[in-house]
Structure formats: structure tokens, C-alpha cells
$ cat protein.txt   # compact mmCIF, C-alpha atoms
# COMPACT_ATOMS: atom_id res chain seq x y z
CA MET A 37 28.65 16.95 -6.99
CA ARG A 38 29.83 15.94 -10.46
CA GLY A 39 27.36 16.78 -13.21
CA LEU A 40 24.66 18.19 -10.93
CA ARG A 41 24.56 21.50 -12.79
CA GLU A 42 24.10 19.63 -16.07
CA LEU A 43 21.10 17.77 -14.65
CA GLN A 44 19.63 21.05 -13.41
CA LEU A 45 19.91 22.53 -16.90
CA ARG A 46 18.06 19.66 -18.59
CA HIS A 47 15.43 19.16 -15.87
CA ARG A 48 12.39 21.46 -15.70
CA GLY A 49 11.48 20.63 -12.10
CA PRO A 50 13.65 21.54 -9.09
CA VAL A 51 16.88 19.59 -8.62
CA LEU A 52 18.11 19.78 -5.04
CA GLY A 53 21.52 19.00 -3.59
CA GLU A 54 22.30 18.81 0.11
CA ASP A 55 23.15 22.53 0.34
CA ASP A 56 20.07 23.80 -1.48
CA PRO A 57 17.11 25.46 0.26
CA GLY A 58 14.22 23.03 0.45
CA TYR A 59 16.40 19.93 0.51
CA ASP A 60 15.57 18.96 4.10
CA THR A 61 11.87 19.55 3.54
CA ALA A 62 11.91 17.48 0.34
CA ARG A 63 13.59 14.51 2.02
CA VAL A 64 11.09 14.18 4.89
CA SER A 65 9.50 10.76 4.59
CA PHE A 66 6.59 8.92 6.14
CA ASN A 67 8.81 6.97 8.52
CA ALA A 68 10.93 9.09 10.88
CA LEU A 69 12.80 5.94 11.95
CA LEU A 70 14.68 6.19 8.63
CA ASP A 71 16.46 9.55 8.40
CA ARG A 72 18.06 9.30 4.96
CA ARG A 73 20.13 11.82 3.00
CA PRO A 74 20.16 11.36 -0.78
CA ALA A 75 22.86 13.06 -2.83
CA VAL A 76 20.25 14.53 -5.20
CA ILE A 77 16.48 14.97 -5.15
CA ALA A 78 15.08 15.52 -8.65
CA ARG A 79 11.46 16.73 -8.48
CA ALA A 80 10.11 15.73 -11.86
CA ALA A 81 7.64 18.08 -13.56
CA SER A 82 7.19 15.78 -16.58
CA VAL A 83 7.96 12.31 -17.84
CA GLU A 84 10.91 13.87 -19.70
CA ASP A 85 12.30 15.02 -16.34
CA ALA A 86 12.09 11.51 -14.96
CA ALA A 87 13.89 10.16 -18.04
CA ALA A 88 16.58 12.82 -17.70
CA ALA A 89 17.12 11.91 -14.05
CA VAL A 90 17.41 8.20 -14.88
CA GLY A 91 19.92 9.02 -17.61
CA PHE A 92 21.96 11.14 -15.23
CA ALA A 93 21.98 8.43 -12.57
CA THR A 94 23.24 5.92 -15.13
CA GLU A 95 25.98 8.27 -16.34
CA VAL A 96 27.36 8.89 -12.84
CA ASN A 97 26.67 5.32 -11.60
CA MET A 98 24.25 6.40 -8.89
CA PRO A 99 21.41 4.19 -7.60
CA VAL A 100 17.85 5.51 -7.85
CA ALA A 101 15.00 5.64 -5.35
CA ILE A 102 11.50 6.51 -6.56
CA ARG A 103 9.13 8.65 -4.51
CA GLY A 104 5.47 8.57 -5.46
CA GLY A 105 3.16 9.58 -2.63
CA GLY A 106 6.00 8.91 -0.21
CA HIS A 107 3.96 6.63 2.10
CA SER A 108 6.50 3.79 2.10
CA VAL A 109 6.80 2.45 5.64
CA ALA A 110 9.98 0.63 4.60
CA GLY A 111 11.54 3.92 3.50
CA HIS A 112 11.96 2.82 -0.10
CA SER A 113 11.11 6.27 -1.45
CA MET A 114 14.22 7.81 0.13
CA CYS A 115 17.85 6.64 0.09
CA ASP A 116 21.29 7.51 1.40
CA GLY A 117 23.78 8.82 -1.16
CA GLY A 118 21.71 8.10 -4.26
CA LEU A 119 19.30 9.99 -6.48
CA VAL A 120 15.64 10.32 -5.54
CA ILE A 121 13.18 10.84 -8.39
CA ASP A 122 10.39 12.67 -6.59
CA LEU A 123 7.11 12.47 -8.53
CA ARG A 124 4.90 14.48 -6.21
CA LEU A 125 4.59 17.36 -8.70
CA LEU A 126 2.98 14.81 -11.04
CA HIS A 127 -0.25 14.45 -9.07
CA GLY A 128 -2.82 15.39 -11.70
CA VAL A 129 -5.95 13.36 -12.41
CA ARG A 130 -7.64 13.33 -15.82
CA ILE A 131 -11.07 11.66 -16.01
CA ASP A 132 -12.97 10.45 -19.05
CA ALA A 133 -16.39 9.81 -17.54
CA GLU A 134 -17.87 8.51 -20.78
CA GLN A 135 -15.19 5.87 -21.24
CA ARG A 136 -14.87 5.29 -17.48
CA ARG A 137 -11.14 5.87 -17.49
CA ALA A 138 -8.82 7.95 -15.30
CA VAL A 139 -5.18 8.85 -15.91
CA VAL A 140 -3.40 9.55 -12.62
CA GLY A 141 0.05 11.02 -12.14
CA GLY A 142 2.69 8.90 -10.45
CA GLY A 143 2.95 11.28 -7.49
CA ALA A 144 -0.77 11.42 -6.65
CA THR A 145 -2.33 10.27 -3.41
CA TRP A 146 -5.86 8.97 -3.06
CA ARG A 147 -6.78 12.39 -1.67
CA ASP A 148 -6.06 13.72 -5.17
CA VAL A 149 -8.11 10.98 -6.82
CA ASP A 150 -11.18 10.19 -4.73
CA ALA A 151 -12.94 13.57 -4.76
CA PRO A 152 -12.89 14.23 -8.53
CA LEU A 153 -14.07 10.67 -9.16
CA VAL A 154 -16.93 10.96 -6.69
CA VAL A 155 -18.05 14.21 -8.35
CA GLN A 156 -18.40 12.22 -11.59
CA GLY A 157 -20.25 9.39 -9.84
CA LEU A 158 -17.33 7.02 -10.40
CA THR A 159 -14.82 5.17 -8.29
CA MET A 160 -12.22 2.42 -8.08
CA PRO A 161 -10.73 0.59 -5.09
CA GLY A 162 -8.34 2.95 -3.34
CA GLY A 163 -6.85 1.61 -0.14
CA THR A 164 -7.93 2.52 3.39
CA PHE A 165 -6.31 5.95 3.91
CA ASP A 166 -6.61 8.86 1.51
CA THR A 167 -3.00 9.93 2.21
CA THR A 168 -1.66 6.72 0.66
CA GLY A 169 0.20 7.09 -2.63
CA VAL A 170 -1.50 5.74 -5.73
CA ALA A 171 1.77 4.36 -7.12
CA GLY A 172 2.88 2.29 -4.15
CA LEU A 173 -0.59 0.90 -3.48
CA THR A 174 -1.17 -0.06 -7.11
CA LEU A 175 2.23 -1.59 -7.78
CA GLY A 176 2.17 -3.57 -4.53
CA GLY A 177 -1.44 -4.74 -4.37
CA GLY A 178 -4.32 -2.57 -3.25
CA LEU A 179 -6.41 -3.91 -0.36
CA GLY A 180 -9.24 -1.48 0.27
CA HIS A 181 -12.80 -0.91 1.44
CA LEU A 182 -14.28 -1.66 -2.01
CA MET A 183 -12.39 -4.89 -2.67
CA GLY A 184 -15.50 -7.03 -2.23
CA VAL A 185 -17.28 -5.55 -5.25
CA GLN A 186 -14.34 -4.15 -7.23
CA GLY A 187 -11.25 -6.22 -6.39
CA LEU A 188 -7.77 -4.87 -5.79
CA THR A 189 -6.46 -1.55 -7.03
CA LEU A 190 -4.06 -3.33 -9.40
CA ASP A 191 -7.01 -5.17 -10.96
CA HIS A 192 -8.22 -1.83 -12.36
CA LEU A 193 -4.92 -0.89 -13.99
CA VAL A 194 -5.29 -0.59 -17.77
CA SER A 195 -1.86 0.76 -18.68
CA ALA A 196 1.21 2.39 -17.16
CA GLN A 197 3.67 4.93 -18.55
CA VAL A 198 7.11 3.76 -17.45
CA VAL A 199 10.62 5.20 -17.62
CA LEU A 200 12.96 2.20 -17.89
CA ALA A 201 16.49 1.90 -16.55
CA ASN A 202 17.91 2.67 -20.02
CA GLY A 203 15.94 5.95 -20.14
CA GLU A 204 13.37 4.69 -22.65
CA VAL A 205 9.75 5.68 -22.04
CA LEU A 206 7.04 3.20 -22.93
CA VAL A 207 3.42 2.44 -22.11
CA ALA A 208 2.85 -1.10 -20.84
CA SER A 209 -0.54 -2.79 -21.12
CA GLU A 210 -2.06 -6.18 -21.88
CA SER A 211 -1.18 -5.71 -25.56
CA ILE A 212 2.09 -3.73 -25.30
CA GLU A 213 4.93 -5.26 -23.26
CA PRO A 214 2.52 -7.65 -21.51
CA ASP A 215 5.27 -9.23 -19.39
CA LEU A 216 6.17 -5.86 -17.92
CA PHE A 217 2.50 -5.06 -17.37
CA TRP A 218 2.08 -8.40 -15.57
CA ALA A 219 5.06 -7.60 -13.33
CA LEU A 220 3.88 -4.08 -12.50
CA ARG A 221 0.67 -5.49 -11.03
CA GLY A 222 2.11 -6.67 -7.74
CA GLY A 223 5.87 -6.61 -8.32
CA GLY A 224 6.43 -3.20 -6.76
CA GLY A 225 8.84 -0.52 -7.90
CA ASN A 226 11.41 -2.94 -9.29
CA PHE A 227 10.96 -2.31 -13.01
CA GLY A 228 10.98 1.41 -13.69
CA VAL A 229 9.59 4.82 -12.81
CA VAL A 230 5.82 4.82 -13.38
CA THR A 231 4.93 8.41 -14.17
CA ALA A 232 1.25 7.82 -15.07
CA PHE A 233 -1.38 5.16 -14.43
CA GLU A 234 -4.51 4.56 -16.50
CA PHE A 235 -7.34 2.97 -14.52
CA ALA A 236 -10.73 1.50 -15.42
CA LEU A 237 -13.51 2.99 -13.32
CA ASP A 238 -16.83 1.70 -11.99
CA PRO A 239 -20.03 3.55 -11.13
CA LEU A 240 -20.01 4.69 -7.50
CA PRO A 241 -22.61 2.64 -5.61
CA PRO A 242 -24.52 3.92 -2.57
CA VAL A 243 -22.36 3.35 0.53
CA PHE A 244 -23.02 2.95 4.24
CA GLY A 245 -20.50 2.47 6.96
CA GLY A 246 -18.38 3.73 9.80
CA VAL A 247 -16.60 2.23 12.78
CA ILE A 248 -17.96 0.12 15.64
CA THR A 249 -15.81 -0.03 18.78
CA PHE A 250 -15.57 -2.70 21.48
CA ALA A 251 -13.95 -2.30 24.90
CA ARG A 252 -11.23 -4.59 26.25
CA PRO A 253 -13.52 -7.21 27.86
CA GLU A 254 -15.04 -7.85 24.42
CA PHE A 255 -11.79 -8.13 22.43
CA VAL A 256 -11.94 -11.90 21.93
CA GLU A 257 -15.68 -12.17 21.31
CA GLY A 258 -15.61 -9.07 19.11
CA LEU A 259 -12.88 -10.52 16.89
CA ARG A 260 -14.67 -13.85 16.68
CA LEU A 261 -17.85 -12.07 15.64
CA PHE A 262 -15.92 -10.10 13.01
CA ARG A 263 -14.43 -13.38 11.73
CA ASP A 264 -17.75 -15.21 11.66
CA LEU A 265 -19.42 -12.40 9.71
CA MET A 266 -16.57 -11.89 7.22
CA ASP A 267 -16.17 -15.61 6.54
CA VAL A 268 -19.64 -15.60 4.94
CA ALA A 269 -20.00 -11.93 4.02
CA PRO A 270 -21.53 -10.96 0.68
CA ASP A 271 -19.36 -9.02 -1.76
CA GLU A 272 -21.28 -5.88 -0.82
CA LEU A 273 -19.90 -5.89 2.74
CA THR A 274 -16.21 -5.39 3.52
CA MET A 275 -15.08 -5.09 7.14
CA MET A 276 -11.65 -4.75 8.68
CA ALA A 277 -10.63 -4.98 12.33
CA TYR A 278 -7.88 -3.27 14.25
CA LEU A 279 -6.79 -3.15 17.86
CA SER A 280 -5.69 0.36 18.76
CA ARG A 281 -5.57 2.55 21.89
CA ASP A 282 -7.22 -0.04 24.16
CA ARG A 283 -10.12 -0.60 21.80
CA LEU A 284 -11.12 -3.08 19.12
CA HIS A 285 -12.44 -1.26 16.08
CA ALA A 286 -14.41 -2.86 13.24
CA THR A 287 -14.70 -0.77 10.08
CA VAL A 288 -17.74 -1.23 7.87
CA CYS A 289 -18.11 -0.42 4.19
CA ALA A 290 -21.44 -1.68 2.86
CA VAL A 291 -22.48 -0.87 -0.70
CA GLY A 292 -25.53 -1.25 -2.87
CA ASP A 293 -28.84 -2.76 -1.79
CA PRO A 294 -29.09 -3.13 2.03
CA VAL A 295 -30.90 -6.44 1.52
CA ALA A 296 -27.46 -7.96 0.82
CA TRP A 297 -25.75 -6.76 3.99
CA ASP A 298 -28.20 -5.39 6.58
CA ASP A 299 -28.54 -8.64 8.53
CA SER A 300 -24.76 -8.92 8.97
CA VAL A 301 -24.45 -5.28 10.05
CA GLN A 302 -27.22 -5.70 12.60
CA LYS A 303 -25.48 -8.76 14.05
CA LEU A 304 -22.28 -6.71 14.38
CA ARG A 305 -24.20 -4.03 16.26
CA THR A 306 -26.12 -6.30 18.64
CA THR A 307 -24.39 -9.65 19.25
CA VAL A 308 -21.51 -8.41 21.45
CA PRO A 309 -21.75 -5.34 23.73
CA VAL A 310 -20.62 -2.26 21.78
CA ALA A 311 -18.68 0.60 23.36
CA GLU A 312 -19.42 3.03 20.54
CA ASP A 313 -21.51 2.70 17.39
CA GLY A 314 -20.17 5.08 14.74
CA LEU A 315 -22.13 3.70 11.79
CA GLY A 316 -24.06 6.10 9.62
CA LEU A 317 -21.57 7.39 7.08
CA ASN A 318 -23.03 7.56 3.58
CA SER A 319 -20.23 9.20 1.61
CA TYR A 320 -17.33 7.25 0.12
CA LEU A 321 -15.08 10.21 0.95
CA GLN A 322 -16.03 9.78 4.61
CA ILE A 323 -15.39 6.04 4.39
CA GLN A 324 -11.89 6.75 3.12
CA VAL A 325 -11.02 8.78 6.23
CA MET A 326 -13.03 6.91 8.86
CA GLN A 327 -9.88 5.41 10.41
CA GLY A 328 -8.35 8.83 10.91
CA ASP A 329 -4.91 9.71 9.59
CA THR A 330 -1.47 8.22 10.07
CA PRO A 331 0.76 11.29 9.99
CA PHE A 332 4.11 11.59 8.27
CA GLY A 333 7.08 12.05 10.54
CA ILE A 334 6.47 9.52 13.33
CA ARG A 335 8.34 6.24 13.70
CA HIS A 336 7.11 3.01 12.11
CA TYR A 337 8.08 -0.65 11.87
CA TRP A 338 5.55 -3.08 10.36
CA LYS A 339 5.33 -6.77 9.50
CA SER A 340 2.44 -8.83 8.15
CA HIS A 341 1.42 -12.38 7.29
CA PHE A 342 -1.42 -13.81 5.22
CA VAL A 343 -3.28 -16.55 7.07
CA GLU A 344 -5.89 -18.96 5.72
CA ALA A 345 -8.28 -18.41 8.61
CA LEU A 346 -8.74 -16.49 11.85
CA SER A 347 -8.81 -19.49 14.14
CA ASP A 348 -9.82 -19.10 17.78
CA ALA A 349 -6.19 -19.83 18.71
CA LEU A 350 -4.88 -17.06 16.46
CA ILE A 351 -7.44 -14.59 17.83
CA ASP A 352 -6.30 -15.45 21.35
CA GLU A 353 -2.68 -14.86 20.30
CA VAL A 354 -3.51 -11.51 18.72
CA VAL A 355 -5.37 -10.26 21.79
CA GLU A 356 -2.61 -11.42 24.14
CA LEU A 357 -0.01 -9.72 21.97
CA PHE A 358 -1.89 -6.42 21.88
CA VAL A 359 -2.67 -6.31 25.58
CA GLY A 360 1.02 -6.91 26.33
CA ARG A 361 2.39 -4.04 24.24
CA ALA A 362 4.49 -1.24 25.77
CA PRO A 363 2.45 1.38 27.69
CA ALA A 364 3.97 4.29 25.73
CA SER A 365 3.20 2.64 22.41
CA GLU A 366 0.66 3.75 19.81
CA SER A 367 1.19 0.47 17.98
CA ASN A 368 -1.69 -1.62 16.74
CA ILE A 369 -2.73 -4.84 15.02
CA LEU A 370 -4.70 -4.72 11.76
CA ILE A 371 -6.70 -7.57 10.23
CA GLU A 372 -7.86 -7.27 6.62
CA PRO A 373 -9.81 -9.94 4.74
CA LEU A 374 -9.02 -10.99 1.20
CA HIS A 375 -12.58 -10.84 0.06
CA GLY A 376 -15.08 -11.02 -2.76
CA GLN A 377 -13.96 -9.90 -6.21
CA ALA A 378 -10.35 -9.64 -5.02
CA ARG A 379 -10.32 -13.46 -4.90
CA ARG A 380 -11.89 -14.09 -8.31
CA VAL A 381 -9.18 -12.86 -10.67
CA PRO A 382 -7.20 -15.88 -11.93
CA ILE A 383 -3.98 -16.21 -9.97
CA GLU A 384 -1.81 -16.28 -13.11
CA GLU A 385 -3.07 -12.95 -14.48
CA THR A 386 -0.88 -10.72 -12.28
CA ALA A 387 2.27 -10.89 -10.20
CA TRP A 388 0.11 -10.51 -7.09
CA SER A 389 -0.07 -13.95 -5.56
CA ARG A 390 -2.97 -13.91 -3.08
CA ARG A 391 -6.36 -14.90 -4.44
CA ASP A 392 -7.38 -17.64 -2.03
CA PRO A 393 -9.49 -17.12 1.11
CA GLY A 394 -7.65 -15.59 4.01
CA TYR A 395 -6.76 -12.57 6.09
CA ASN A 396 -3.78 -10.25 6.22
CA VAL A 397 -2.72 -9.94 9.86
CA SER A 398 -0.31 -7.04 10.39
CA VAL A 399 1.60 -6.05 13.50
CA LEU A 400 2.12 -2.30 13.09
CA GLY A 401 4.56 -0.36 15.24
CA HIS A 402 3.89 3.39 15.54
CA TRP A 403 5.65 5.57 18.09
CA ARG A 404 7.21 9.00 18.51
CA GLU A 405 10.11 8.73 20.97
CA PRO A 406 13.49 7.43 19.73
CA ALA A 407 14.16 6.10 23.22
CA ILE A 408 11.72 3.21 22.68
CA ASP A 409 12.92 2.23 19.19
CA ASP A 410 14.40 -1.07 20.31
CA SER A 411 11.43 -2.15 22.39
CA GLU A 412 8.89 -1.29 19.68
CA ILE A 413 10.82 -3.08 16.94
CA ALA A 414 11.24 -6.09 19.21
CA TRP A 415 7.49 -6.12 19.93
CA VAL A 416 6.62 -6.10 16.23
CA ARG A 417 9.15 -8.84 15.43
CA ALA A 418 7.97 -11.03 18.29
CA GLY A 419 4.34 -10.52 17.32
CA ALA A 420 4.96 -11.25 13.66
CA ALA A 421 6.82 -14.41 14.66
CA ARG A 422 3.77 -15.57 16.58
CA VAL A 423 1.48 -14.90 13.63
CA ALA A 424 3.98 -16.62 11.29
CA SER A 425 3.10 -20.03 12.69
CA TYR A 426 -0.34 -19.58 11.09
CA SER A 427 1.01 -18.08 7.84
CA GLN A 428 0.11 -19.43 4.41
CA SER A 429 3.64 -19.19 3.03
CA GLY A 430 5.83 -17.14 5.36
CA GLY A 431 5.40 -14.11 3.10
CA GLY A 432 3.21 -11.14 3.91
CA TYR A 433 1.82 -8.04 2.23
CA LEU A 434 4.97 -6.28 1.04
CA ASN A 435 3.29 -2.87 1.10
CA TYR A 436 3.41 -3.32 4.87
CA GLY A 437 6.90 -4.81 4.86
CA ALA A 438 9.70 -3.68 7.13
CA PRO A 439 12.91 -2.16 5.70
CA ASP A 440 14.89 -5.28 6.64
CA GLU A 441 12.79 -7.92 4.88
CA SER A 442 15.03 -10.69 3.57
CA THR A 443 15.11 -11.88 -0.04
CA ASP A 444 13.70 -15.20 1.19
CA ARG A 445 10.67 -13.44 2.62
CA VAL A 446 10.20 -11.43 -0.59
CA ARG A 447 10.37 -14.71 -2.54
CA ALA A 448 7.83 -16.25 -0.17
CA ALA A 449 5.43 -13.36 -0.82
CA PHE A 450 5.31 -14.34 -4.51
CA GLY A 451 6.04 -18.06 -4.44
CA ASP A 452 8.96 -19.66 -6.27
CA GLU A 453 7.40 -19.75 -9.75
CA LYS A 454 6.30 -16.13 -9.82
CA PHE A 455 9.49 -14.93 -8.17
CA GLU A 456 11.62 -16.55 -10.87
CA ARG A 457 9.43 -15.08 -13.60
CA LEU A 458 9.79 -11.65 -11.98
CA ARG A 459 13.56 -12.09 -11.86
CA GLU A 460 13.65 -12.76 -15.59
CA ILE A 461 11.52 -9.69 -16.31
CA LYS A 462 13.78 -7.67 -14.03
CA ARG A 463 16.81 -8.92 -15.96
CA ARG A 464 15.25 -7.73 -19.19
CA PHE A 465 14.20 -4.27 -18.03
CA ASP A 466 16.71 -3.49 -15.24
CA PRO A 467 19.68 -5.86 -15.61
CA ASP A 468 21.96 -3.77 -13.38
CA ASN A 469 19.35 -3.40 -10.63
CA LEU A 470 19.31 0.39 -10.84
CA PHE A 471 15.93 0.37 -9.09
CA ARG A 472 16.90 -1.53 -5.97
CA PHE A 473 15.50 0.60 -3.16
CA ASN A 474 12.41 -1.59 -2.81
CA HIS A 475 11.53 -5.07 -1.63
CA ASN A 476 14.04 -6.09 -4.21
CA ILE A 477 13.69 -8.72 -6.87
CA PRO A 478 17.26 -9.30 -8.08
CA PRO A 479 17.75 -9.76 -11.84
CA GLY A 480 17.67 -13.37 -12.98

$ encode --input "protein.txt" --output "C-alpha cells"
Amino acid sequence: MRGLRELQLRHRGPVLGEDDPGYDTARVSFNALLDRRPAVIARAASVEDAAAAVGFATEVNMPVAIRGGGHSVAGHSMCDGGLVIDLRLLHGVRIDAEQRRAVVGGGATWRDVDAPLVVQGLTMPGGTFDTTGVAGLTLGGGLGHLMGVQGLTLDHLVSAQVVLANGEVLVASESIEPDLFWALRGGGGNFGVVTAFEFALDPLPPVFGGVITFARPEFVEGLRLFRDLMDVAPDELTMMAYLSRDRLHATVCAVGDPVAWDDSVQKLRTTVPVAEDGLGLNSYLQIQVMQGDTPFGIRHYWKSHFVEALSDALIDEVVELFVGRAPASESNILIEPLHGQARRVPIEETAWSRRDPGYNVSVLGHWREPAIDDSEIAWVRAGAARVASYSQSGGGYLNYGAPDESTDRVRAAFGDEKFERLREIKRRFDPDNLFRFNHNIPPG
């Protein structure tokens, strides 16, 4: 294609066209439902590479997708016919234990981050799977097992190195380009290519946890018990629930002094008959993988809604929906609380717009056979529509958003006031919407 050789000459990392060896491997994404073929994949080895790729895309009028860890269920990290800036070579982690700071490359996953932090006796909230990309989780929110005591991932962001649509590289923070920094904390990949994140760290507390499993006859009572415990849970206890493979699973991450959480954990273990008690983990690295792995290369379609409460009626709906799913399906329903410190940051401080009590209820389609695409997508849509009647605003957690989310639903995720502020920031930093392969915020 026009100019490709020029980009290869000014780019240290590999630049792959459709005929190059490694192209098909490089374009494999998390979601096999979306088989996309970019014109160019530029695997950045430095921030200068990312800037060169942005400049090239502007010169040849080519839209840009950004691939961090590549875990985007909506397929935003891969595009048809455009240029993909692939950051996975930038996965380094630099830790300053004395200052409690970490600088993390834009292509890192939590698997890259968690272990070196734990070795130093430090941590920060890092999602629920260690294969998740740091970039997508941070820019879109950051619900995780430590949210009760540490908040969201984005709450620990100190600064971000960003390549803008005009090719300029800057570092955004509270004191430098504060509007951009505000937008990056929740506004997704709309504003530039984030090649490095600086995070504030906390001491790693003692942890205890694992997964408790309930059989089908206990689905309703098990979910009500989970709800009753989480509604009054101390910060030190974060639990999540998910219906999967004919079981209800409750994950437990309890930190610090057991006096704060032991009574609640014992009630979880003894109030409703338990099919399997998997509690006993005492390593944060084990906690991060206790739900297993969601592999790349299977088919996904997800939708979520934030609800103010898990009412008995909603629990009944969720159980009915799960029991009625297709027999060949691996799909599940996930319920995550917005809990503890994650609710205490003032709502105006970041673009993230959920700080009030509630739960994120997500209908997650996972399957392997293309023959059931239509039925699985229909099941997720129908389920999400049922949950929507309990929704706080009609907008869900965009990190779990489907590829076909409407602009109205993206607006609803932020609320009108924040959405309009984000549009104005987008107009300033990306007026031509170069970075539009995302849950897009159009320029104001």
C-alpha cells in the first residue's frame, strides 16, 4: 500500500501488511466473532514508534485502532482496512518501591504487573482476570477484587504518556493537561494512544479468599445471601457472583484483619447449602486467577447494566434467564458490586460516572461454534433487555459493551453533562475523530 515502506523505515518495531509473515497471528483478537483485517499492523517498540504510526495514518487518511492487551470484547483493538497500533511490545513494568509508584507500558496485562508488585509487597486494584490489559481496564474503569479498600484502577492513575492525534507526545496529570487527564479516567481510548501509565501503589495487605459454589436448587437463595452480605459488607470484603456451567459461584477476596470480615464469610459458608467450598487462598496472585481464564479466540457478545439494588424480583429474573440459556452455551451472568472505596471518590473528579451504591449485572455470551451465533447474541440481548428495566440510567459498564452499542447508550453510561464535557475534550485533542474504534465519543 502507499507509503508502507516509508513507515517501515521510520518505525523500529515490526510493521506488517496483509502479505507479511506474522500478519494473521498479529491480528488474532480476544473475540473470534469479529474477524477483522487491518491494512497495517504497526507493533510499536517505543513511544516514538507510536507517534510515527499516528503521523503516517494522518498523512494517508487512515483511521487508527489501538491495541493494548487486546482483551476488548467489542473488538475495538482491531479494525478492517485501517491501521492498528499494537502496543504489546511495550509491556514493561518499572517499580519505585520507596515512592510507591509503578510505570507500566501500554501493552501490559495484569499478568505482567501483579507478580513484580507482590514481590515488593505492593499492589493496586487490577481487575478480575490477570490476562486483562492494563490500558483498557484503566481507561474504562477498573472493577476488581480490591475495590473495597483501594477503589477503581483509574483512581490510582497518577499520569499518562499520550500520543495525540496530531502526533504530539505529552504527559497528562492533575497539573499538566488536567482536562485530558480527567477524560482518560473513564473515557476510554477516545483521546490518544497511551503508551505508559504511572500508578500510585498501596502496601499489599494479607488476603484470604477463593470461590464458594452452590448447586441449581440454591441459585435464588444463594444470590439473595450474596446480596444481603454485600449490601452491608465492610471495605475489607469484596465478593462477586456469577452463574456459569450450572453452578452459582461466589468469589471472595477478604483483606486485612479477619475481625472485619470473618462473620460475613462464615455466613456465606453456612447459611445456604454449599456444593463446594474453595476458600483458603492466601496469595493475591491466586485471587487474581481464581475464576480461571477466558481464552482468546472464542466468540463473545456482552452487555451490562448498573442497577441500584439486587431486588428479589431481579434475582428471580437473573436465575430464570440463566436456566433458560441454550444447552450448547458456555454463557454466564456476572454480578459485581460497586463497593467501598470505589464509591467514595467525588463523582466530578473523573469521567467515570458510577460512585453510588449498586451492582453491575452483565449478561456475557461465550461460545465456540459459529452455527449458534444468532441464538447466543439473541439470548444476551433479551437478557440485557430484562435487566434494563432495573437499570440506573440505561447505560452499562462500557468495558463489557458489545460492538454495536449505540451513541445513546454510550451517552447514558456517562450522563448528559459528562458526555458533553467529553465531547469538548475530544474536539480539542482529536477533532477529526482519528481514534474512533472505541465506544465512541464524537467531537463536540

$ closest_residue --input "protein.txt" --among "A:Met98, A:Met160, A:Leu265, A:Val416" --to "A:Ala201" --atoms "all atoms listed in the file"
A:Met98

$ closest_residue --input "protein.txt" --among "A:Val149, A:Ala236, A:Val247, A:Val343" --to "A:Leu188" --atoms "all atoms listed in the file"
A:Ala236

$ residues_around --input "protein.txt" --residues "stretch 273-276 of chain A" --least-positions-apart "3" --cutoff "9 Å" --atoms "all atoms listed in the file" --output "compact mmCIF listing (two decimals) with C-alpha atoms, keeping the file's coordinate frame"
# COMPACT_ATOMS: atom_id res chain seq x y z
CA GLY A 180 -9.24 -1.48 0.27
CA HIS A 181 -12.80 -0.91 1.44
CA LEU A 182 -14.28 -1.66 -2.01
CA MET A 183 -12.39 -4.89 -2.67
CA GLY A 184 -15.50 -7.03 -2.23
CA VAL A 185 -17.28 -5.55 -5.25
CA PHE A 262 -15.92 -10.10 13.01
CA LEU A 265 -19.42 -12.40 9.71
CA MET A 266 -16.57 -11.89 7.22
CA ALA A 269 -20.00 -11.93 4.02
CA PRO A 270 -21.53 -10.96 0.68
CA HIS A 285 -12.44 -1.26 16.08
CA ALA A 286 -14.41 -2.86 13.24
CA THR A 287 -14.70 -0.77 10.08
CA VAL A 288 -17.74 -1.23 7.87
CA CYS A 289 -18.11 -0.42 4.19
CA ALA A 290 -21.44 -1.68 2.86
CA VAL A 291 -22.48 -0.87 -0.70
CA ALA A 296 -27.46 -7.96 0.82
CA TRP A 297 -25.75 -6.76 3.99
CA SER A 300 -24.76 -8.92 8.97
CA VAL A 301 -24.45 -5.28 10.05
CA LEU A 370 -4.70 -4.72 11.76
CA ILE A 371 -6.70 -7.57 10.23
CA GLU A 372 -7.86 -7.27 6.62
CA PRO A 373 -9.81 -9.94 4.74
CA HIS A 375 -12.58 -10.84 0.06
CA GLY A 376 -15.08 -11.02 -2.76

$ atom_distance --input "protein.txt" --atom1 "atom CA of A:Phe465" --atom2 "atom CA of A:Val199"
10.1 Å

$ closest_residue --input "protein.txt" --among "A:Arg361, A:Arg130, A:Lys339, A:Arg457" --to "A:Val423" --atoms "only C-alpha atoms"
A:Lys339

$ closest_residue --input "protein.txt" --among "A:Ile212, A:Leu357, A:Ala110, A:Val129" --to "A:Asp440" --atoms "all atoms listed in the file"
A:Ala110

$ atom_distance --input "protein.txt" --atom1 "atom CA of A:Tyr426" --atom2 "atom CA of A:Arg445"
15.2 Å

$ decode --input "protein.txt" --residues "stretch 350-362 of chain A" --atoms "N, CA and C atoms" --output "CSV table (one decimal), in the first residue's frame"
chain,number,residue,atom,x,y,z
A,350,LEU,N,-35.4,-8.9,40.6
A,350,LEU,CA,-34.3,-9.0,39.7
A,350,LEU,C,-33.5,-10.3,39.8
A,351,ILE,N,-33.3,-10.8,41.0
A,351,ILE,CA,-32.6,-12.1,41.2
A,351,ILE,C,-33.5,-13.2,40.6
A,352,ASP,N,-34.8,-13.2,40.7
A,352,ASP,CA,-35.6,-14.2,40.1
A,352,ASP,C,-35.4,-14.1,38.6
A,353,GLU,N,-35.4,-12.9,38.0
A,353,GLU,CA,-35.2,-12.7,36.6
A,353,GLU,C,-33.9,-13.3,36.1
A,354,VAL,N,-32.8,-13.0,36.9
A,354,VAL,CA,-31.5,-13.5,36.5
A,354,VAL,C,-31.4,-15.0,36.5
A,355,VAL,N,-32.0,-15.6,37.5
A,355,VAL,CA,-32.0,-17.1,37.6
A,355,VAL,C,-32.8,-17.7,36.4
A,356,GLU,N,-33.9,-17.1,36.2
A,356,GLU,CA,-34.8,-17.6,35.1
A,356,GLU,C,-34.1,-17.5,33.7
A,357,LEU,N,-33.4,-16.4,33.6
A,357,LEU,CA,-32.6,-16.1,32.3
A,357,LEU,C,-31.5,-17.2,32.2
A,358,PHE,N,-30.8,-17.4,33.2
A,358,PHE,CA,-29.6,-18.3,33.1
A,358,PHE,C,-30.1,-19.8,32.9
A,359,VAL,N,-31.1,-20.2,33.6
A,359,VAL,CA,-31.6,-21.6,33.5
A,359,VAL,C,-32.1,-21.8,32.0
A,360,GLY,N,-32.6,-20.7,31.4
A,360,GLY,CA,-33.2,-20.9,30.1
A,360,GLY,C,-32.2,-20.7,28.9
A,361,ARG,N,-30.9,-20.6,29.2
A,361,ARG,CA,-30.0,-20.4,28.1
A,361,ARG,C,-29.8,-21.7,27.2
A,362,ALA,N,-29.2,-21.5,26.1
A,362,ALA,CA,-29.1,-22.6,25.1
A,362,ALA,C,-28.2,-23.7,25.7
